[in-house]
$ cat start20.pdb   # PDB, C-alpha atoms and all ligand atoms
MODEL        1
ATOM      1  CA  MET A  16     106.927 110.342  99.733
ATOM      2  CA  ALA A  17     106.233 110.002  96.069
ATOM      3  CA  GLY A  18     103.760 109.334  93.299
ATOM      4  CA  VAL A  19     101.984 106.173  92.189
ATOM      5  CA  LYS A  20     104.209 103.138  91.701
ATOM      6  CA  GLU A  21     103.327 100.350  89.302
ATOM      7  CA  LYS A  22     105.049  97.091  88.541
ATOM      8  CA  HIS A  23     105.693  96.420  84.849
ATOM      9  CA  THR A  24     107.596  93.896  82.798
ATOM     10  CA  VAL A  25     109.602  94.671  79.666
ATOM     11  CA  LEU A  26     111.147  92.255  77.208
ATOM     12  CA  THR A  27     114.836  92.988  76.695
ATOM     13  CA  SER A  28     117.721  91.156  75.045
ATOM     14  CA  ASP A  29     118.372  89.645  78.510
ATOM     15  CA  GLY A  30     114.812  88.316  78.771
ATOM     16  CA  ALA A  31     111.809  89.529  80.735
ATOM     17  CA  GLN A  32     112.762  92.315  83.093
ATOM     18  CA  ASP A  33     110.525  93.531  85.922
ATOM     19  CA  TYR A  34     110.655  97.190  86.822
ATOM     20  CA  ILE A  35     108.868  99.627  89.087
ATOM     21  CA  LEU A  36     107.493 102.660  87.313
ATOM     22  CA  GLU A  37     106.742 105.808  89.200
ATOM     23  CA  ARG A  38     105.018 108.740  87.538
ATOM     24  CA  LYS A  39     106.220 111.989  88.959
ATOM     25  CA  ASN A  40     107.028 115.574  88.346
ATOM     26  CA  VAL A  41     110.419 115.043  86.668
ATOM     27  CA  LYS A  42     111.826 116.377  83.423
ATOM     28  CA  ASN A  43     113.236 113.162  82.007
ATOM     29  CA  ILE A  44     113.052 109.405  82.384
ATOM     30  CA  ASN A  45     115.333 108.290  85.223
ATOM     31  CA  LEU A  46     116.471 104.726  85.753
ATOM     32  CA  ARG A  47     118.181 103.265  88.775
ATOM     33  CA  VAL A  48     119.117  99.759  89.868
ATOM     34  CA  LYS A  49     118.620  99.488  93.620
ATOM     35  CA  PRO A  50     120.888  97.467  95.910
ATOM     36  CA  ASP A  51     118.252  94.717  96.076
ATOM     37  CA  CYS A  52     118.506  94.586  92.239
ATOM     38  CA  THR A  53     115.033  95.980  91.568
ATOM     39  CA  ILE A  54     114.890  98.353  88.640
ATOM     40  CA  TYR A  55     113.271 101.624  89.431
ATOM     41  CA  VAL A  56     112.143 104.087  86.772
ATOM     42  CA  SER A  57     110.630 107.508  87.271
ATOM     43  CA  ALA A  58     109.068 109.328  84.370
ATOM     44  CA  PRO A  59     106.853 112.317  83.649
ATOM     45  CA  ASN A  60     103.190 111.614  82.921
ATOM     46  CA  ARG A  61     103.417 112.654  79.266
ATOM     47  CA  VAL A  62     105.903 109.883  78.365
ATOM     48  CA  SER A  63     104.316 106.665  77.055
ATOM     49  CA  VAL A  64     105.147 103.205  78.401
ATOM     50  CA  ARG A  65     106.478 102.346  74.927
ATOM     51  CA  GLU A  66     109.018 105.183  75.146
ATOM     52  CA  ILE A  67     109.932 104.191  78.683
ATOM     53  CA  GLU A  68     110.540 100.595  77.668
ATOM     54  CA  SER A  69     112.690 101.559  74.740
ATOM     55  CA  PHE A  70     114.676 103.719  77.180
ATOM     56  CA  ILE A  71     115.077 100.711  79.504
ATOM     57  CA  ARG A  72     116.347  98.591  76.588
ATOM     58  CA  SER A  73     118.858 101.296  75.724
ATOM     59  CA  ARG A  74     120.224 101.052  79.274
ATOM     60  CA  SER A  75     120.515  97.263  79.337
ATOM     61  CA  ARG A  76     124.303  97.342  79.586
ATOM     62  CA  TYR A  77     124.130  99.527  82.691
ATOM     63  CA  ILE A  78     121.383  97.317  84.167
ATOM     64  CA  ARG A  79     123.495  94.191  83.624
ATOM     65  CA  ARG A  80     126.573  95.735  85.218
ATOM     66  CA  ALA A  81     124.748  97.241  88.180
ATOM     67  CA  THR A  82     122.827  94.022  88.867
ATOM     68  CA  GLU A  83     126.036  92.017  88.683
ATOM     69  CA  TYR A  84     127.723  94.459  91.058
ATOM     70  CA  PHE A  85     124.971  94.286  93.670
ATOM     71  CA  ARG A  86     124.735  90.472  93.433
ATOM     72  CA  THR A  87     128.434  89.853  93.916
ATOM     73  CA  ARG A  88     129.684  92.723  96.064
ATOM     74  CA  PRO A  89     131.094  91.665  99.411
ATOM     75  CA  LYS A  90     128.806  91.943 102.394
ATOM     76  CA  THR A  91     129.410  94.996 104.522
ATOM     77  CA  GLU A  92     131.194  94.655 107.857
ATOM     78  CA  ARG A  93     128.091  95.352 109.875
ATOM     79  CA  THR A  94     126.307  92.202 108.730
ATOM     80  CA  GLU A  95     129.313  90.093 109.686
ATOM     81  CA  LEU A  96     129.744  91.426 113.214
ATOM     82  CA  LYS A  97     130.287  88.795 115.885
ATOM     83  CA  TYR A  98     130.556  91.383 118.680
ATOM     84  CA  VAL A  99     133.990  90.229 119.796
ATOM     85  CA  SER A 100     137.033  92.187 120.956
ATOM     86  CA  GLY A 101     139.019  93.755 118.147
ATOM     87  CA  GLU A 102     136.102  94.217 115.760
ATOM     88  CA  LYS A 103     135.709  97.717 114.401
ATOM     89  CA  ILE A 104     132.556  99.630 113.709
ATOM     90  CA  LYS A 105     132.070 103.090 112.217
ATOM     91  CA  LEU A 106     130.574 105.808 114.329
ATOM     92  CA  LEU A 107     130.054 109.296 112.877
ATOM     93  CA  GLY A 108     132.748 108.569 110.312
ATOM     94  CA  THR A 109     135.405 107.324 112.753
ATOM     95  CA  ASP A 110     136.508 103.846 113.848
ATOM     96  CA  VAL A 111     135.371 102.456 117.174
ATOM     97  CA  GLU A 112     136.809  99.186 118.446
ATOM     98  CA  ILE A 113     134.728  96.657 120.348
ATOM     99  CA  LYS A 114     136.143  95.352 123.633
ATOM    100  CA  VAL A 115     134.278  92.609 125.427
ATOM    101  CA  VAL A 116     134.636  92.661 129.226
ATOM    102  CA  GLN A 117     133.537  89.889 131.587
ATOM    103  CA  ASP A 118     131.550  91.601 134.341
ATOM    104  CA  THR A 119     128.915  90.983 136.995
ATOM    105  CA  SER A 120     126.627  93.652 135.518
ATOM    106  CA  GLU A 121     125.746  94.005 131.847
ATOM    107  CA  TYR A 122     125.873  97.187 129.771
ATOM    108  CA  SER A 123     127.745  98.800 126.877
ATOM    109  CA  GLU A 124     129.685 101.995 127.168
ATOM    110  CA  ARG A 125     131.827 103.976 124.779
ATOM    111  CA  ASP A 126     135.034 105.614 125.877
ATOM    112  CA  GLY A 127     136.661 107.534 123.027
ATOM    113  CA  SER A 128     137.448 105.072 120.264
ATOM    114  CA  ASN A 129     136.528 101.989 122.294
ATOM    115  CA  LEU A 130     133.154 100.431 122.872
ATOM    116  CA  TYR A 131     133.143  98.229 125.966
ATOM    117  CA  ILE A 132     130.545  95.502 126.069
ATOM    118  CA  HIS A 133     130.233  94.366 129.685
ATOM    119  CA  VAL A 134     128.705  90.905 129.786
ATOM    120  CA  LYS A 135     128.379  88.127 132.364
ATOM    121  CA  ASP A 136     129.146  85.356 129.901
ATOM    122  CA  LYS A 137     131.722  86.448 127.331
ATOM    123  CA  ASP A 138     130.954  83.438 125.136
ATOM    124  CA  ASN A 139     127.284  84.243 124.737
ATOM    125  CA  GLU A 140     127.115  85.862 121.302
ATOM    126  CA  GLU A 141     123.386  86.500 121.473
ATOM    127  CA  ARG A 142     123.834  88.385 124.735
ATOM    128  CA  ARG A 143     126.746  90.438 123.337
ATOM    129  CA  LYS A 144     124.631  91.303 120.313
ATOM    130  CA  LYS A 145     121.729  92.367 122.520
ATOM    131  CA  LEU A 146     123.944  94.654 124.597
ATOM    132  CA  PHE A 147     125.494  96.105 121.451
ATOM    133  CA  SER A 148     122.116  96.738 119.825
ATOM    134  CA  ALA A 149     120.765  98.453 122.934
ATOM    135  CA  TRP A 150     123.793 100.752 122.928
ATOM    136  CA  LEU A 151     123.435 101.406 119.186
ATOM    137  CA  ASP A 152     119.780 102.380 119.547
ATOM    138  CA  GLU A 153     120.633 104.696 122.382
ATOM    139  CA  ILE A 154     123.414 106.490 120.485
ATOM    140  CA  CYS A 155     121.252 106.694 117.333
ATOM    141  CA  ARG A 156     118.432 108.269 119.332
ATOM    142  CA  GLU A 157     120.765 110.722 121.009
ATOM    143  CA  ILE A 158     122.589 111.905 117.873
ATOM    144  CA  PHE A 159     119.598 111.814 115.507
ATOM    145  CA  THR A 160     117.472 113.788 117.979
ATOM    146  CA  GLU A 161     120.227 116.402 118.305
ATOM    147  CA  VAL A 162     120.418 116.714 114.526
ATOM    148  CA  MET A 163     116.620 116.909 114.288
ATOM    149  CA  HIS A 164     116.605 119.811 116.744
ATOM    150  CA  ASP A 165     119.273 121.660 114.720
ATOM    151  CA  VAL A 166     117.337 121.151 111.489
ATOM    152  CA  TYR A 167     114.020 121.977 113.162
ATOM    153  CA  GLU A 168     115.322 125.453 114.013
ATOM    154  CA  LYS A 169     115.832 126.173 110.323
ATOM    155  CA  PHE A 170     112.112 125.592 109.781
ATOM    156  CA  SER A 171     110.890 128.075 112.396
ATOM    157  CA  GLU A 172     108.897 130.055 109.812
ATOM    158  CA  TYR A 173     106.768 126.972 109.035
ATOM    159  CA  SER A 174     105.601 126.393 112.634
ATOM    160  CA  LEU A 175     105.944 122.623 112.295
ATOM    161  CA  MET A 176     105.347 120.188 115.121
ATOM    162  CA  PHE A 177     108.560 118.539 116.287
ATOM    163  CA  PRO A 178     108.309 115.058 114.751
ATOM    164  CA  GLN A 179     108.580 111.697 116.421
ATOM    165  CA  LEU A 180     111.722 109.688 115.615
ATOM    166  CA  LYS A 181     111.582 106.021 114.653
ATOM    167  CA  LEU A 182     114.648 103.879 114.066
ATOM    168  CA  ARG A 183     114.854 101.137 111.503
ATOM    169  CA  THR A 184     117.538  99.151 109.777
ATOM    170  CA  MET A 185     116.833  99.487 106.083
ATOM    171  CA  THR A 186     118.682  98.216 103.031
ATOM    172  CA  SER A 187     117.389 100.596 100.407
ATOM    173  CA  ARG A 188     116.885 103.993 101.987
ATOM    174  CA  TRP A 189     118.323 106.383 104.550
ATOM    175  CA  GLY A 190     115.113 107.755 105.876
ATOM    176  CA  SER A 191     111.459 108.328 105.268
ATOM    177  CA  CYS A 192     108.782 110.505 106.669
ATOM    178  CA  HIS A 193     105.097 110.480 107.336
ATOM    179  CA  PRO A 194     104.015 114.112 106.804
ATOM    180  CA  TYR A 195     100.566 113.654 108.361
ATOM    181  CA  LYS A 196     101.541 111.572 111.376
ATOM    182  CA  LYS A 197     104.648 113.748 111.906
ATOM    183  CA  ILE A 198     107.034 110.841 112.047
ATOM    184  CA  ILE A 199     110.566 110.679 110.702
ATOM    185  CA  THR A 200     112.073 107.229 110.308
ATOM    186  CA  LEU A 201     115.843 107.070 110.064
ATOM    187  CA  ASN A 202     118.087 104.191 109.105
ATOM    188  CA  ARG A 203     120.287 103.135 112.046
ATOM    189  CA  ARG A 204     123.182 102.765 109.633
ATOM    190  CA  LEU A 205     123.290 106.553 109.231
ATOM    191  CA  ILE A 206     125.163 106.620 112.539
ATOM    192  CA  GLU A 207     128.204 105.265 110.667
ATOM    193  CA  ALA A 208     128.460 108.457 108.601
ATOM    194  CA  PRO A 209     129.803 111.906 109.504
ATOM    195  CA  ARG A 210     127.259 114.204 111.090
ATOM    196  CA  HIS A 211     126.762 116.405 107.995
ATOM    197  CA  CYS A 212     125.551 113.309 106.115
ATOM    198  CA  ILE A 213     122.916 112.690 108.798
ATOM    199  CA  GLU A 214     121.931 116.373 108.661
ATOM    200  CA  GLN A 215     121.378 116.127 104.936
ATOM    201  CA  VAL A 216     118.981 113.176 105.329
ATOM    202  CA  VAL A 217     117.108 114.854 108.192
ATOM    203  CA  ALA A 218     116.848 118.115 106.203
ATOM    204  CA  HIS A 219     115.449 116.140 103.259
ATOM    205  CA  GLU A 220     112.799 114.483 105.428
ATOM    206  CA  PHE A 221     111.862 117.765 107.129
ATOM    207  CA  CYS A 222     111.330 119.381 103.710
ATOM    208  CA  HIS A 223     108.649 116.733 103.115
ATOM    209  CA  PHE A 224     106.614 118.260 105.942
ATOM    210  CA  VAL A 225     106.297 121.305 103.675
ATOM    211  CA  HIS A 226     106.295 119.539 100.282
ATOM    212  CA  PRO A 227     105.339 115.832 100.460
ATOM    213  CA  ASP A 228     106.588 115.172  96.908
ATOM    214  CA  HIS A 229     109.943 115.678  95.159
ATOM    215  CA  SER A 230     108.738 118.681  93.204
ATOM    216  CA  LYS A 231     110.778 121.689  92.100
ATOM    217  CA  ASP A 232     109.535 123.528  95.188
ATOM    218  CA  PHE A 233     110.779 120.687  97.372
ATOM    219  CA  TYR A 234     114.317 120.916  95.968
ATOM    220  CA  ALA A 235     114.272 124.716  96.113
ATOM    221  CA  LEU A 236     113.455 124.475  99.816
ATOM    222  CA  LEU A 237     116.102 121.801 100.457
ATOM    223  CA  GLN A 238     118.657 123.940  98.639
ATOM    224  CA  ARG A 239     117.813 126.907 100.851
ATOM    225  CA  ILE A 240     117.750 124.922 104.111
ATOM    226  CA  TYR A 241     120.783 122.744 103.414
ATOM    227  CA  PRO A 242     122.807 124.126 100.475
ATOM    228  CA  GLU A 243     125.484 121.395 100.714
ATOM    229  CA  TRP A 244     123.000 118.561 100.400
ATOM    230  CA  ARG A 245     124.424 117.203  97.137
ATOM    231  CA  TYR A 246     127.915 116.984  98.572
ATOM    232  CA  SER A 247     126.737 115.379 101.821
ATOM    233  CA  LYS A 248     124.596 112.882  99.931
ATOM    234  CA  ALA A 249     127.535 111.878  97.736
ATOM    235  CA  VAL A 250     129.787 111.433 100.787
ATOM    236  CA  LEU A 251     127.137 109.325 102.531
ATOM    237  CA  GLU A 252     126.635 107.082  99.524
ATOM    238  CA  SER A 253     130.360 106.553  99.095
ATOM    239  CA  LEU A 254     131.016 105.764 102.782
ATOM    240  CA  VAL A 255     128.066 103.638 103.797
ATOM    241  CA  VAL A 256     126.940 100.900 101.436
ATOM    242  CA  LEU A 257     123.417  99.753 102.171
TER     243      LEU A 257
HETATM  244 ZN    ZN A 301     112.159 112.308  99.710
ENDMDL
END
$ encode --input "start20.pdb" --output "structure tokens" --more "lines below"
Ligand SMILES: [Zn+2]
Amino acid sequence: MAGVKEKHTVLTSDGAQDYILERKNVKNINLRVKPDCTIYVSAPNRVSVREIESFIRSRSRYIRRATEYFRTRPKTERTELKYVSGEKIKLLGTDVEIKVVQDTSEYSERDGSNLYIHVKDKDNEERRKKLFSAWLDEICREIFTEVMHDVYEKFSEYSLMFPQLKLRTMTSRWGSCHPYKKIITLNRRLIEAPRHCIEQVVAHEFCHFVHPDHSKDFYALLQRIYPEWRYSKAVLESLVVL
């Protein structure tokens, strides 16, 4: 949850550059190029658009490099999955190998470091994908709900309602929350990361039930609830590329 976002355009040495400006309770101007190559700037209210745009121009080298990186980086394994034997996926930070089994009944089941996809027609990729996705949703629900219960306990003094979990596959964020509807949405791809990384995201979203913004109070609460959040966030961002 955050402040008001506006779309602006600035003229730089590389031409017209669109950016999203968000006014929020921050100390300085922050600039970030997102994986979809949008430029995102957050700034305190007192800073003028002129100052912000001169800041953007001063970061043009970074913007060029980051944009180039996101445009040309290789696609992640997940998007290339064909759901065939021998393919590896990440689950809670470890490798799991897919094994396709011809069977009269259809289901997916994990046994240690193997994920068996039982399918009637081994050559039907769509069917294999469907069985895999059903399994993935199930494991995401199971693990994420467990983590949510652990984090929920740390908030006992706030008498919060236990939120509803929604799963999504997102390319620019790990999670989001709806403080009023009591919903936490988590990115399925979190399941690839070690559990502490998932905890960090869930702790972040839970803190929004107390502080909907990213204010000082929000970070003070996150720090108290999950002191290792910076470390876990860094690990997550280095292991799973959205
Ligand atoms: Zn947040």
$ resolve_selection --input "start20.pdb" --expression "the PyMOL selection byres (((chain A and resi 228) around 12) and not hetatm)" --output "list in words"
Met16, Ala17, Gly18, Val19, Arg38, Lys39, Asn40, Val41, Ser191, Cys192, His193, Pro194, His219, Glu220, Phe221, Cys222, His223, Phe224, Val225, His226, Pro227, His229, Ser230, Lys231, Asp232, Phe233, Tyr234 and Leu236 of chain A
$ resolve_selection --input "start20.pdb" --expression "the PyMOL selection byres (((chain A and resi 206) around 9) and not hetatm)" --output "MDAnalysis selection string"
chainID A and resid 105:108 151 154:155 158:159 202:205 207:210 213
$ closest_residue --input "start20.pdb" --among "A:Ile198, A:Val25, A:Ala218, A:Ile78" --to "ligand ZN 301 (chain A)" --atoms "all atoms listed in the file"
A:Ala218
$ closest_residue --input "start20.pdb" --among "A:Ser247, A:Gln215, A:Ser75, A:Thr160" --to "ligand ZN 301 (chain A)" --atoms "all atoms listed in the file"
A:Gln215
$ closest_residue --input "start20.pdb" --among "A:Asp126, A:Glu112, A:Asp33, A:Glu214" --to "Glu161 (chain A)" --atoms "only C-alpha atoms"
A:Glu214
$ resolve_selection --input "start20.pdb" --expression "the PyMOL selection byres (((chain A and resi 119) around 9) and not hetatm)" --output "PyMOL selection string"
chain A and resi 117-118+120-121+133-135
$ axis_aligned_box --input "start20.pdb" --around "region 148-164 of chain A" --padding-each-side "3 Å" --output "lines of an AutoDock Vina configuration file"
center_x = 120.2
center_y = 108.3
center_z = 118.6
size_x = 13.2
size_y = 29.1
size_z = 14.6
$ atom_distance --input "start20.pdb" --atom1 "CA of Lys49 (chain A)" --atom2 "CA of Glu243 (chain A)"
24.0 Å
$ closest_residue --input "start20.pdb" --among "A:Leu36, A:Leu251, A:Val48, A:Val217" --to "ligand ZN 301 (chain A)" --atoms "all atoms listed in the file"
A:Val217
$ atom_distance --input "start20.pdb" --atom1 "CA of Arg188 (chain A)" --atom2 "CA of Leu257 (chain A)"
7.8 Å
$ residues_around --input "start20.pdb" --residues "region 172-180 of chain A" --least-positions-apart "6" --cutoff "6 Å" --atoms "only C-alpha atoms" --output "JSON, numbers by chain"
{"A": [197, 198, 199, 200]}
$ write_last_selection --input "start20.pdb" --atoms "C-alpha atoms" --output "mmCIF file, in the frame of the given file"
data_model
loop_
_atom_site.group_PDB
_atom_site.id
_atom_site.type_symbol
_atom_site.label_atom_id
_atom_site.label_comp_id
_atom_site.auth_asym_id
_atom_site.auth_seq_id
_atom_site.Cartn_x
_atom_site.Cartn_y
_atom_site.Cartn_z
ATOM 1 C CA LYS A 197 104.648 113.748 111.906
ATOM 2 C CA ILE A 198 107.034 110.841 112.047
ATOM 3 C CA ILE A 199 110.566 110.679 110.702
ATOM 4 C CA THR A 200 112.073 107.229 110.308
#
$ closest_residue --input "start20.pdb" --among "A:Val115, A:Gly190, A:Phe147, A:Leu96" --to "ligand ZN 301 (chain A)" --atoms "all atoms listed in the file"
A:Gly190
$ residues_around --input "start20.pdb" --residues "region 129-131 of chain A" --least-positions-apart "2" --cutoff "6 Å" --atoms "only C-alpha atoms" --output "list in words"
Val111, Glu112, Ile113, Lys114, Val115, Ser123, Glu124, Arg125, Asp126 and Gly127 of chain A
$ atom_distance --input "start20.pdb" --atom1 "CA of Arg47 (chain A)" --atom2 "CA of Ser63 (chain A)"
18.5 Å
$ closest_residue --input "start20.pdb" --among "A:Ser128, A:Arg142, A:Ile44, A:Cys212" --to "Thr109 (chain A)" --atoms "only C-alpha atoms"
A:Ser128
$ residues_around --input "start20.pdb" --residues "Pro50 (chain A)" --least-positions-apart "5" --cutoff "12 Å" --atoms "only C-alpha atoms" --output "list in words"
Tyr55, Ile78, Ala81, Thr82, Glu83, Tyr84, Phe85, Arg86, Thr87, Arg88, Lys90, Met185, Thr186, Ser187, Arg188, Glu252, Val256 and Leu257 of chain A
